[in-house]
Amino acid sequence: MTRFAPSPNGPLHLGHAWAALVAQGRAAVDQGTFLVRIEDIDGARNRPELADQFRADLAWLGLSWREVAPQSQRIASYLAAAQVLHGEGLLYPCRCTRAQIAAGAHGMGPDGPVYPGTCRPSFPYRGAFAPAPDVAWRLDMARAMEWATTRHGSLAWEDERRGLQQADPLPFGDVVLWRKDAPASYHLAATLDDAADGVSVVTRGVDLFRASHVHRLLQALLGLPVPRWHHHGVLVGPDGRKLAKRRGAAGLAERRLAGEDGAALARRLKDGRFDAGISLVDTIDLAP
Ligand code: GLU
């Protein structure tokens, strides 16, 4: 069971088509099911109307899939998991602004400036878990790693293409698991959903390779099954940066509505024939 999990905060482009084809191709290897999950909890950036466009784009490429519940219908499960982590004393509230964090950051981590720990309590936080618009809830990363490794030993995970890994989420610092402007963060929601959906091979772009270290830790903390991962190369433009609509990548919907043959495009992609100026990059430390 694999999945493609697009966020409706902008139209799909060629990079998404590639990711969806890889995920479906990987499912087919095991005669498995290819799932699509709409990750629609991205605060102000969320545009629910795009989900129908995504479905039309994927069908145009000739894909077939089983759609599972979108994230907006799963908030109760995120809340329950956050409460478990809070009960273990692994979450704490943080009211710092972006500017404060950037000013004191402990360097750059995979997700951006590393939180300097301003609000981190010295002892496990025992106040109530009370989500509010001015409060983010962070995972005390060092404490969480200690908790997990004391109970589970080392946290191994397997990337099908890069072999056995040991979870090393410390470079992220104290990640936000419950956001100010939205419910659960990507890390918490995606980890819970993959477990709930029975995803056995998490297929995603190599740009998210490091995030899987955090997800492996969350699986240990929450007693979730550990899948395998398949981090695939991502498409980059002539500037060497990942394709993005804001950097001019043509949307799939635009191409579909202009009458292009989607099945032919999918065949070209599967053969590794990308549009002019576009190439596949397969390194973990991709320029953002
Ligand atoms: N919703 C995420 C995105 O569009 C998916 C990441 C993932 O595959 O885990 O980037």
# chains A, B, ... in the order shown; residues from 1 in each chain; ligands from 1
>>> residues_near_ligand(ligand="ligand 1", cutoff="7 Å", atoms="only C-alpha atoms and all ligand atoms", output="short mmCIF file (atom, residue, chain, number, x, y, z; two decimals) with N, CA, C and O atoms, in the first residue's frame")
data_model
loop_
_atom_site.label_atom_id
_atom_site.label_comp_id
_atom_site.auth_asym_id
_atom_site.auth_seq_id
_atom_site.Cartn_x
_atom_site.Cartn_y
_atom_site.Cartn_z
N PHE A 4 -0.13 8.88 -2.33
CA PHE A 4 0.23 10.20 -2.82
C PHE A 4 -0.63 11.15 -2.01
O PHE A 4 -1.84 10.96 -1.90
N ALA A 5 0.02 12.15 -1.39
CA ALA A 5 -0.70 12.97 -0.39
C ALA A 5 -0.56 14.46 -0.69
O ALA A 5 0.17 15.16 0.01
N PRO A 6 -1.22 14.93 -1.72
CA PRO A 6 -1.04 16.35 -2.09
C PRO A 6 -1.77 17.30 -1.15
O PRO A 6 -2.80 16.96 -0.57
N SER A 7 -1.19 18.49 -1.01
CA SER A 7 -1.81 19.54 -0.20
C SER A 7 -2.49 20.53 -1.14
O SER A 7 -1.82 21.08 -2.03
N GLU A 39 -4.31 16.44 1.86
CA GLU A 39 -3.78 16.98 3.12
C GLU A 39 -4.21 18.45 3.24
O GLU A 39 -3.45 19.37 2.92
N ALA A 190 0.73 13.50 9.13
CA ALA A 190 1.13 12.54 8.10
C ALA A 190 1.49 11.19 8.73
O ALA A 190 1.15 10.13 8.20
N THR A 203 5.83 6.53 0.12
CA THR A 203 6.54 7.08 -1.03
C THR A 203 6.45 8.59 -0.97
O THR A 203 5.36 9.16 -0.85
N ARG A 204 7.60 9.23 -1.03
CA ARG A 204 7.60 10.69 -1.05
C ARG A 204 8.93 11.18 -1.59
O ARG A 204 9.90 10.43 -1.68
N GLY A 205 8.97 12.47 -1.92
CA GLY A 205 10.17 13.04 -2.50
C GLY A 205 11.35 13.02 -1.53
O GLY A 205 11.18 13.10 -0.30
#
>>> closest_atom_pairs(of="segment 29-103 of chain A", to="segment 123-144 of chain A", cutoff="6 Å", atoms="only C-alpha atoms", output="JSON lines")
{"residue": "A:Gly89", "atom": "CA", "partner": "A:Pro124", "partner_atom": "CA", "distance": 4.5}
{"residue": "A:Leu90", "atom": "CA", "partner": "A:Asp140", "partner_atom": "CA", "distance": 5.4}
{"residue": "A:Leu91", "atom": "CA", "partner": "A:Leu139", "partner_atom": "CA", "distance": 4.7}
{"residue": "A:Tyr92", "atom": "CA", "partner": "A:Trp137", "partner_atom": "CA", "distance": 5.4}
{"residue": "A:Pro93", "atom": "CA", "partner": "A:Trp137", "partner_atom": "CA", "distance": 4.5}
{"residue": "A:Cys94", "atom": "CA", "partner": "A:Ala136", "partner_atom": "CA", "distance": 5.1}
{"residue": "A:Arg95", "atom": "CA", "partner": "A:Val135", "partner_atom": "CA", "distance": 5.0}
>>> write_last_selection(atoms="N, CA, C and O atoms", output="PDB file, in the first residue's frame")
ATOM      1  N   GLY A  89       4.407  14.133  29.165  1.00  0.00           N
ATOM      2  CA  GLY A  89       5.264  15.290  29.487  1.00  0.00           C
ATOM      3  C   GLY A  89       6.223  15.647  28.359  1.00  0.00           C
ATOM      4  O   GLY A  89       7.292  16.220  28.601  1.00  0.00           O
ATOM      5  N   LEU A  90       5.845  15.320  27.113  1.00  0.00           N
ATOM      6  CA  LEU A  90       6.768  15.553  25.989  1.00  0.00           C
ATOM      7  C   LEU A  90       6.410  16.789  25.164  1.00  0.00           C
ATOM      8  O   LEU A  90       7.142  17.149  24.249  1.00  0.00           O
ATOM      9  N   LEU A  91       5.279  17.431  25.459  1.00  0.00           N
ATOM     10  CA  LEU A  91       4.883  18.639  24.722  1.00  0.00           C
ATOM     11  C   LEU A  91       4.943  19.838  25.662  1.00  0.00           C
ATOM     12  O   LEU A  91       4.714  19.703  26.854  1.00  0.00           O
ATOM     13  N   TYR A  92       5.193  20.998  25.084  1.00  0.00           N
ATOM     14  CA  TYR A  92       5.097  22.224  25.890  1.00  0.00           C
ATOM     15  C   TYR A  92       4.577  23.356  25.013  1.00  0.00           C
ATOM     16  O   TYR A  92       4.777  23.352  23.794  1.00  0.00           O
ATOM     17  N   PRO A  93       3.904  24.320  25.634  1.00  0.00           N
ATOM     18  CA  PRO A  93       3.343  25.435  24.859  1.00  0.00           C
ATOM     19  C   PRO A  93       4.407  26.482  24.561  1.00  0.00           C
ATOM     20  O   PRO A  93       5.308  26.701  25.375  1.00  0.00           O
ATOM     21  N   CYS A  94       4.270  27.113  23.397  1.00  0.00           N
ATOM     22  CA  CYS A  94       5.258  28.110  22.974  1.00  0.00           C
ATOM     23  C   CYS A  94       4.518  29.285  22.337  1.00  0.00           C
ATOM     24  O   CYS A  94       3.705  29.093  21.434  1.00  0.00           O
ATOM     25  N   ARG A  95       4.810  30.479  22.837  1.00  0.00           N
ATOM     26  CA  ARG A  95       4.146  31.675  22.306  1.00  0.00           C
ATOM     27  C   ARG A  95       5.100  32.537  21.485  1.00  0.00           C
ATOM     28  O   ARG A  95       4.782  33.655  21.142  1.00  0.00           O
TER      29      ARG A  95
END
>>> closest_atom_pairs(of="segment 13-130 of chain A", to="segment 223-245 of chain A", cutoff="12 Å", atoms="only C-alpha atoms", output="JSON lines")
{"residue": "A:His13", "atom": "CA", "partner": "A:Lys245", "partner_atom": "CA", "distance": 6.9}
{"residue": "A:Leu14", "atom": "CA", "partner": "A:Leu243", "partner_atom": "CA", "distance": 7.7}
{"residue": "A:Gly15", "atom": "CA", "partner": "A:Leu235", "partner_atom": "CA", "distance": 5.4}
{"residue": "A:His16", "atom": "CA", "partner": "A:Leu235", "partner_atom": "CA", "distance": 9.0}
{"residue": "A:Ala17", "atom": "CA", "partner": "A:Leu235", "partner_atom": "CA", "distance": 10.0}
{"residue": "A:Trp18", "atom": "CA", "partner": "A:Leu235", "partner_atom": "CA", "distance": 7.8}
{"residue": "A:Ala19", "atom": "CA", "partner": "A:His232", "partner_atom": "CA", "distance": 7.7}
{"residue": "A:Ala20", "atom": "CA", "partner": "A:His232", "partner_atom": "CA", "distance": 10.8}
{"residue": "A:Leu21", "atom": "CA", "partner": "A:His232", "partner_atom": "CA", "distance": 10.9}
{"residue": "A:Val22", "atom": "CA", "partner": "A:His232", "partner_atom": "CA", "distance": 7.6}
{"residue": "A:Ala23", "atom": "CA", "partner": "A:His230", "partner_atom": "CA", "distance": 8.8}
{"residue": "A:Gly25", "atom": "CA", "partner": "A:His230", "partner_atom": "CA", "distance": 11.6}
{"residue": "A:Arg26", "atom": "CA", "partner": "A:His230", "partner_atom": "CA", "distance": 8.6}
{"residue": "A:Ala27", "atom": "CA", "partner": "A:His230", "partner_atom": "CA", "distance": 11.0}
{"residue": "A:Ala81", "atom": "CA", "partner": "A:Gly223", "partner_atom": "CA", "distance": 10.3}
{"residue": "A:Val84", "atom": "CA", "partner": "A:Gly223", "partner_atom": "CA", "distance": 10.6}
{"residue": "A:Leu85", "atom": "CA", "partner": "A:Gly223", "partner_atom": "CA", "distance": 11.1}
>>> write_last_selection(atoms="all heavy atoms", output="CSV table (one decimal), in the first residue's frame")
chain,number,residue,atom,x,y,z
A,13,HIS,N,1.7,20.3,-10.3
A,13,HIS,CA,2.5,20.5,-11.5
A,13,HIS,C,3.2,19.2,-11.9
A,13,HIS,O,2.9,18.1,-11.3
A,13,HIS,CB,3.5,21.7,-11.3
A,13,HIS,CG,4.3,21.5,-10.0
A,13,HIS,ND1,5.2,20.5,-9.8
A,13,HIS,CD2,4.3,22.3,-8.9
A,13,HIS,CE1,5.7,20.7,-8.6
A,13,HIS,NE2,5.2,21.7,-8.0
A,14,LEU,N,4.2,19.3,-12.8
A,14,LEU,CA,4.9,18.1,-13.3
A,14,LEU,C,5.5,17.3,-12.1
A,14,LEU,O,5.5,16.0,-12.2
A,14,LEU,CB,5.9,18.5,-14.3
A,14,LEU,CG,6.3,17.4,-15.3
A,14,LEU,CD1,5.1,17.1,-16.2
A,14,LEU,CD2,7.5,17.9,-16.2
A,15,GLY,N,6.0,18.0,-11.1
A,15,GLY,CA,6.7,17.3,-10.0
A,15,GLY,C,5.7,16.4,-9.3
A,15,GLY,O,6.0,15.3,-8.8
A,16,HIS,N,4.5,16.9,-9.1
A,16,HIS,CA,3.4,16.0,-8.5
A,16,HIS,C,3.0,14.8,-9.4
A,16,HIS,O,2.8,13.7,-8.9
A,16,HIS,CB,2.2,16.9,-8.2
A,16,HIS,CG,2.3,18.0,-7.3
A,16,HIS,ND1,2.4,19.3,-7.7
A,16,HIS,CD2,2.5,18.0,-5.9
A,16,HIS,CE1,2.6,20.1,-6.6
A,16,HIS,NE2,2.6,19.3,-5.5
A,17,ALA,N,3.0,15.1,-10.7
A,17,ALA,CA,2.6,14.0,-11.6
A,17,ALA,C,3.7,12.9,-11.5
A,17,ALA,O,3.3,11.7,-11.3
A,17,ALA,CB,2.6,14.5,-13.1
A,18,TRP,N,4.9,13.3,-11.4
A,18,TRP,CA,6.0,12.3,-11.2
A,18,TRP,C,5.8,11.6,-9.9
A,18,TRP,O,5.9,10.3,-9.8
A,18,TRP,CB,7.3,13.1,-11.3
A,18,TRP,CG,8.5,12.3,-10.8
A,18,TRP,CD1,9.3,12.5,-9.7
A,18,TRP,CD2,9.1,11.2,-11.5
A,18,TRP,NE1,10.3,11.6,-9.6
A,18,TRP,CE2,10.2,10.8,-10.7
A,18,TRP,CE3,8.9,10.5,-12.7
A,18,TRP,CZ2,11.1,9.7,-11.1
A,18,TRP,CZ3,9.7,9.4,-13.0
A,18,TRP,CH2,10.8,9.0,-12.2
A,19,ALA,N,5.6,12.3,-8.8
A,19,ALA,CA,5.5,11.6,-7.5
A,19,ALA,C,4.3,10.7,-7.5
A,19,ALA,O,4.4,9.5,-6.9
A,19,ALA,CB,5.3,12.7,-6.4
A,20,ALA,N,3.2,11.0,-8.1
A,20,ALA,CA,2.0,10.2,-8.1
A,20,ALA,C,2.3,8.9,-8.9
A,20,ALA,O,1.9,7.8,-8.6
A,20,ALA,CB,0.8,10.9,-8.7
A,21,LEU,N,3.0,9.1,-10.1
A,21,LEU,CA,3.3,7.9,-10.9
A,21,LEU,C,4.3,7.0,-10.2
A,21,LEU,O,4.2,5.8,-10.3
A,21,LEU,CB,3.9,8.4,-12.2
A,21,LEU,CG,2.9,9.0,-13.2
A,21,LEU,CD1,3.6,9.8,-14.3
A,21,LEU,CD2,2.0,8.0,-13.8
A,22,VAL,N,5.3,7.5,-9.5
A,22,VAL,CA,6.2,6.7,-8.7
A,22,VAL,C,5.4,5.9,-7.7
A,22,VAL,O,5.6,4.7,-7.5
A,22,VAL,CB,7.3,7.5,-8.1
A,22,VAL,CG1,8.1,6.7,-7.1
A,22,VAL,CG2,8.2,8.1,-9.1
A,23,ALA,N,4.5,6.6,-7.0
A,23,ALA,CA,3.8,5.9,-5.9
A,23,ALA,C,2.9,4.8,-6.5
A,23,ALA,O,2.9,3.7,-5.9
A,23,ALA,CB,2.9,6.9,-5.1
A,25,GLY,N,3.4,3.2,-9.3
A,25,GLY,CA,4.3,2.2,-9.8
A,25,GLY,C,4.8,1.3,-8.7
A,25,GLY,O,4.9,0.1,-8.9
A,26,ARG,N,5.1,1.9,-7.6
A,26,ARG,CA,5.6,1.2,-6.4
A,26,ARG,C,4.5,0.2,-5.9
A,26,ARG,O,4.8,-0.9,-5.5
A,26,ARG,CB,6.1,2.1,-5.4
A,26,ARG,CG,6.7,1.4,-4.1
A,26,ARG,CD,7.9,0.5,-4.5
A,26,ARG,NE,8.3,-0.3,-3.4
A,26,ARG,CZ,7.7,-1.5,-3.1
A,26,ARG,NH1,6.7,-2.0,-3.8
A,26,ARG,NH2,8.1,-2.2,-2.0
A,27,ALA,N,3.3,0.7,-5.8
A,27,ALA,CA,2.2,-0.2,-5.4
A,27,ALA,C,2.0,-1.3,-6.3
A,27,ALA,O,1.8,-2.5,-5.9
A,27,ALA,CB,0.9,0.6,-5.3
A,81,ALA,N,-3.7,11.9,19.8
A,81,ALA,CA,-2.3,11.6,19.8
A,81,ALA,C,-1.5,12.7,20.6
A,81,ALA,O,-0.6,12.4,21.4
A,81,ALA,CB,-1.8,11.5,18.4
A,84,VAL,N,-1.8,12.2,24.2
A,84,VAL,CA,-1.0,11.1,24.7
A,84,VAL,C,0.4,11.7,24.9
A,84,VAL,O,1.0,11.4,26.0
A,84,VAL,CB,-0.9,9.9,23.6
A,84,VAL,CG1,0.2,9.0,24.0
A,84,VAL,CG2,-2.2,9.2,23.6
A,85,LEU,N,0.9,12.4,23.9
A,85,LEU,CA,2.3,13.0,24.1
A,85,LEU,C,2.4,14.0,25.2
A,85,LEU,O,3.3,14.0,26.0
A,85,LEU,CB,2.7,13.7,22.8
A,85,LEU,CG,2.8,12.7,21.6
A,85,LEU,CD1,3.1,13.5,20.3
A,85,LEU,CD2,3.9,11.7,21.8
>>> select_by_dssp(residues="segment 90-233 of chain A", states="strand (DSSP E)", output="PyMOL selection string")
chain A and resi 91-94+108-109+112-113+136-139+156-159+163-166+176-178+201-205+228-232
>>> select_by_dssp(residues="segment 63-283 of chain A", states="helix (DSSP H, G or I)", output="PyMOL selection string")
chain A and resi 71-73+75-87+98-104+141-152+170-172+186-196+206-208+211-222+245-247+252-257+262-270
>>> closest_atom_pairs(of="segment 192-249 of chain A", to="segment 168-188 of chain A", cutoff="10 Å", atoms="only C-alpha atoms", output="JSON lines")
{"residue": "A:Leu192", "atom": "CA", "partner": "A:Leu188", "partner_atom": "CA", "distance": 6.2}
{"residue": "A:Asp193", "atom": "CA", "partner": "A:Leu188", "partner_atom": "CA", "distance": 8.6}
{"residue": "A:Arg210", "atom": "CA", "partner": "A:Pro169", "partner_atom": "CA", "distance": 7.7}
{"residue": "A:Ala211", "atom": "CA", "partner": "A:His187", "partner_atom": "CA", "distance": 7.4}
{"residue": "A:Ser212", "atom": "CA", "partner": "A:Pro169", "partner_atom": "CA", "distance": 8.4}
{"residue": "A:His213", "atom": "CA", "partner": "A:Pro169", "partner_atom": "CA", "distance": 5.1}
{"residue": "A:Val214", "atom": "CA", "partner": "A:Pro169", "partner_atom": "CA", "distance": 5.0}
{"residue": "A:His215", "atom": "CA", "partner": "A:His187", "partner_atom": "CA", "distance": 6.3}
{"residue": "A:Arg216", "atom": "CA", "partner": "A:Pro169", "partner_atom": "CA", "distance": 8.7}
{"residue": "A:Leu217", "atom": "CA", "partner": "A:Pro169", "partner_atom": "CA", "distance": 7.4}
{"residue": "A:Leu218", "atom": "CA", "partner": "A:Leu188", "partner_atom": "CA", "distance": 7.4}
{"residue": "A:Gln219", "atom": "CA", "partner": "A:Leu188", "partner_atom": "CA", "distance": 9.5}
>>> closest_atom_pairs(of="segment 30-119 of chain A", to="segment 248-260 of chain A", cutoff="9 Å", atoms="only C-alpha atoms", output="Markdown table")
| residue | atom | partner | partner_atom | distance |
| --- | --- | --- | --- | --- |
| A:Gln53 | CA | A:Ala253 | CA | 6.9 |
| A:Phe54 | CA | A:Ala253 | CA | 8.0 |
| A:Ala56 | CA | A:Ala253 | CA | 8.0 |
| A:Asp57 | CA | A:Ala253 | CA | 6.0 |
| A:Leu58 | CA | A:Leu252 | CA | 9.0 |
| A:Trp60 | CA | A:Arg256 | CA | 7.1 |
>>> closest_residue(among="A:Asp271, A:Asp197, A:Asp40, A:Asp261", to="Gly62 of chain A", atoms="only C-alpha atoms")
A:Asp261
>>> atom_distance(atom1="atom CA of Ser77 of chain A", atom2="atom CA of Pro113 of chain A")
28.4 Å
>>> residues_around(residues="Leu35 of chain A", least_positions_apart="6", cutoff="6 Å", atoms="only C-alpha atoms", output="VMD selection string")
chain A and resid 3 65 to 67
>>> write_last_selection(atoms="N, CA, C and O atoms", output="short mmCIF file (atom, residue, chain, number, x, y, z; two decimals), in the first residue's frame")
data_model
loop_
_atom_site.label_atom_id
_atom_site.label_comp_id
_atom_site.auth_asym_id
_atom_site.auth_seq_id
_atom_site.Cartn_x
_atom_site.Cartn_y
_atom_site.Cartn_z
N ARG A 3 1.05 5.69 -1.07
CA ARG A 3 0.13 6.82 -1.14
C ARG A 3 0.75 8.04 -1.79
O ARG A 3 1.97 8.22 -1.81
N TRP A 65 -6.93 5.01 -8.32
CA TRP A 65 -6.52 5.03 -6.91
C TRP A 65 -7.73 4.82 -6.02
O TRP A 65 -8.87 4.86 -6.48
N ARG A 66 -7.44 4.61 -4.74
CA ARG A 66 -8.51 4.62 -3.73
C ARG A 66 -8.29 5.86 -2.88
O ARG A 66 -7.18 6.05 -2.36
N GLU A 67 -9.31 6.68 -2.76
CA GLU A 67 -9.13 7.90 -1.96
C GLU A 67 -9.54 7.63 -0.52
O GLU A 67 -10.59 7.05 -0.26
#
>>> closest_residue(among="A:Gly109, A:Ile75, A:Leu269, A:Gln31", to="Leu61 of chain A", atoms="only C-alpha atoms")
A:Leu269
>>> atom_distance(atom1="atom CA of Ala167 of chain A", atom2="atom CA of Tyr115 of chain A")
19.5 Å
>>> closest_residue(among="A:Glu49, A:Asp111, A:Glu88, A:Asp285", to="Asp207 of chain A", atoms="only C-alpha atoms")
A:Asp285
